[in-house]
Amino acid sequence: MRKVITYGTFDLLHWGHINILKRAKELGDYLIVAISSDEFNELKNKKAYHSFENRKMILESIRYVDEVIAEENWEQKIEDVKKHDIDVFVMGDDWEGKFDFLKEYCDVVYLPRTVGISTTKIKKDLLKVNNG
Ligand code: C2G
């Protein structure tokens, strides 16, 4: 069984997220998603609208996702790859090169980001609509 892992906040889930999860799953048979805890989001200077528990529940309902674990810090990836016997690590190419240190443990694949959508864009557009 070829196991894939990817990481992210996945807040206000949108089609760009689904696109990467779909393509990540196509690279193997089993996809684990490590979603950022609320505490780790603070380290990333991100404030998620949905709590970790609710983002976890949403991710677990996606057909491409087989398992959801917590991302608590920047340092856990090597341990995760070993512990979960990961074959492929996937991230959007906004992270191109940032996780090449994992090549010692598994394949590292950066997939093109989906253009035209982001959680930040959703928040900005909603602000505009509501403020006239
Ligand atoms: N993504 C994408 N296209 C978009 C938006 C996001 O392909 N239009 C991808 C990102 O490249 C990332 C994943 O969706 O691979 C999750 O995006 P975020 O929730 O913004 O995650 P991020 O804050 O980048 O966290 O340790 C890694 C970090 O936790 C990644």
# chains A, B, ... in the order shown; residues from 1 in each chain; ligands from 1

call {"tool": "residues_near_ligand", "arguments": {"ligand": "ligand 1", "cutoff": "7 Å", "atoms": "only C-alpha atoms and all ligand atoms", "output": "count of residues only"}}
result
27

call {"tool": "select_by_dssp", "arguments": {"residues": "chain A", "states": "alpha helix (DSSP H)", "output": "JSON, numbers by chain"}}
result
{"A": [15, 16, 17, 18, 19, 20, 21, 22, 23, 24, 25, 38, 39, 40, 41, 42, 43, 52, 53, 54, 55, 56, 57, 58, 59, 60, 77, 78, 79, 80, 81, 82, 83, 119, 120, 121, 122, 123, 124, 125, 126, 127, 128, 129, 130, 131]}

call {"tool": "write_last_selection", "arguments": {"atoms": "C-alpha atoms", "output": "PDB file, in the first residue's frame"}}
result
ATOM      1  CA  TRP A  15     -11.970  23.749  -4.366  1.00  0.00           C
ATOM      2  CA  GLY A  16      -8.232  24.526  -4.301  1.00  0.00           C
ATOM      3  CA  HIS A  17      -7.939  22.329  -1.218  1.00  0.00           C
ATOM      4  CA  ILE A  18     -10.018  19.592  -2.840  1.00  0.00           C
ATOM      5  CA  ASN A  19      -7.829  19.776  -5.978  1.00  0.00           C
ATOM      6  CA  ILE A  20      -4.658  19.085  -4.030  1.00  0.00           C
ATOM      7  CA  LEU A  21      -6.235  16.345  -1.918  1.00  0.00           C
ATOM      8  CA  LYS A  22      -7.552  14.651  -5.073  1.00  0.00           C
ATOM      9  CA  ARG A  23      -4.160  14.812  -6.811  1.00  0.00           C
ATOM     10  CA  ALA A  24      -2.338  13.720  -3.646  1.00  0.00           C
ATOM     11  CA  LYS A  25      -4.552  10.653  -3.367  1.00  0.00           C
ATOM     12  CA  ASP A  38      -5.128  25.926  16.583  1.00  0.00           C
ATOM     13  CA  GLU A  39      -1.948  26.445  18.623  1.00  0.00           C
ATOM     14  CA  PHE A  40       0.328  25.703  15.625  1.00  0.00           C
ATOM     15  CA  ASN A  41      -1.748  28.084  13.486  1.00  0.00           C
ATOM     16  CA  GLU A  42      -0.768  30.838  15.913  1.00  0.00           C
ATOM     17  CA  LEU A  43       2.880  29.981  15.162  1.00  0.00           C
ATOM     18  CA  PHE A  52      -9.134  22.127  14.789  1.00  0.00           C
ATOM     19  CA  GLU A  53     -11.871  19.643  15.775  1.00  0.00           C
ATOM     20  CA  ASN A  54     -14.264  20.995  13.135  1.00  0.00           C
ATOM     21  CA  ARG A  55     -11.570  21.200  10.429  1.00  0.00           C
ATOM     22  CA  LYS A  56     -10.665  17.584  11.298  1.00  0.00           C
ATOM     23  CA  MET A  57     -14.280  16.441  10.996  1.00  0.00           C
ATOM     24  CA  ILE A  58     -14.655  18.201   7.632  1.00  0.00           C
ATOM     25  CA  LEU A  59     -11.421  16.703   6.246  1.00  0.00           C
ATOM     26  CA  GLU A  60     -12.422  13.207   7.441  1.00  0.00           C
ATOM     27  CA  LYS A  77       7.412  15.707   9.552  1.00  0.00           C
ATOM     28  CA  ILE A  78      10.359  13.251   9.626  1.00  0.00           C
ATOM     29  CA  GLU A  79       8.841  11.477  12.613  1.00  0.00           C
ATOM     30  CA  ASP A  80       5.436  11.378  10.879  1.00  0.00           C
ATOM     31  CA  VAL A  81       6.945   9.938   7.676  1.00  0.00           C
ATOM     32  CA  LYS A  82       8.667   7.192   9.667  1.00  0.00           C
ATOM     33  CA  LYS A  83       5.795   6.474  12.062  1.00  0.00           C
ATOM     34  CA  THR A 119      -8.996  31.180   2.183  1.00  0.00           C
ATOM     35  CA  THR A 120      -7.602  34.730   2.344  1.00  0.00           C
ATOM     36  CA  LYS A 121      -9.441  35.648  -0.888  1.00  0.00           C
ATOM     37  CA  ILE A 122     -12.706  34.255   0.494  1.00  0.00           C
ATOM     38  CA  LYS A 123     -12.338  36.356   3.651  1.00  0.00           C
ATOM     39  CA  LYS A 124     -11.462  39.511   1.663  1.00  0.00           C
ATOM     40  CA  ASP A 125     -14.326  39.051  -0.805  1.00  0.00           C
ATOM     41  CA  LEU A 126     -16.824  38.508   2.012  1.00  0.00           C
ATOM     42  CA  LEU A 127     -15.588  41.646   3.777  1.00  0.00           C
ATOM     43  CA  LYS A 128     -16.093  43.652   0.554  1.00  0.00           C
ATOM     44  CA  VAL A 129     -19.607  42.278   0.055  1.00  0.00           C
ATOM     45  CA  ASN A 130     -20.615  43.023   3.638  1.00  0.00           C
ATOM     46  CA  ASN A 131     -19.064  46.475   3.753  1.00  0.00           C
TER      47      ASN A 131
END

call {"tool": "atom_distance", "arguments": {"atom1": "CA of Phe99 in chain A", "atom2": "CA of Ala34 in chain A"}}
result
14.6 Å

call {"tool": "residues_around", "arguments": {"residues": "Gly97 in chain A", "least_positions_apart": "5", "cutoff": "10 Å", "atoms": "only C-alpha atoms", "output": "list in words"}}
result
Met91, Val108, Val109 and Tyr110 of chain A

call {"tool": "select_by_dssp", "arguments": {"residues": "chain A", "states": "strand (DSSP E)", "output": "list in words"}}
result
Lys3, Val4, Ile5, Thr6, Tyr7, Gly8, Tyr30, Leu31, Ile32, Val33, Ala34, Ile35, Ser36, Glu67, Val68, Ile69, Ala70, Glu71, Val88, Phe89, Val90, Met91, Gly92, Asp107, Val108, Val109, Tyr110 and Leu111 of chain A

call {"tool": "closest_residue", "arguments": {"among": "A:Ser61, A:Ser37, A:Gln76, A:Ser51", "to": "Leu102 in chain A", "atoms": "only C-alpha atoms"}}
result
A:Gln76

call {"tool": "atom_distance", "arguments": {"atom1": "CA of Ile5 in chain A", "atom2": "CA of Asp87 in chain A"}}
result
8.2 Å
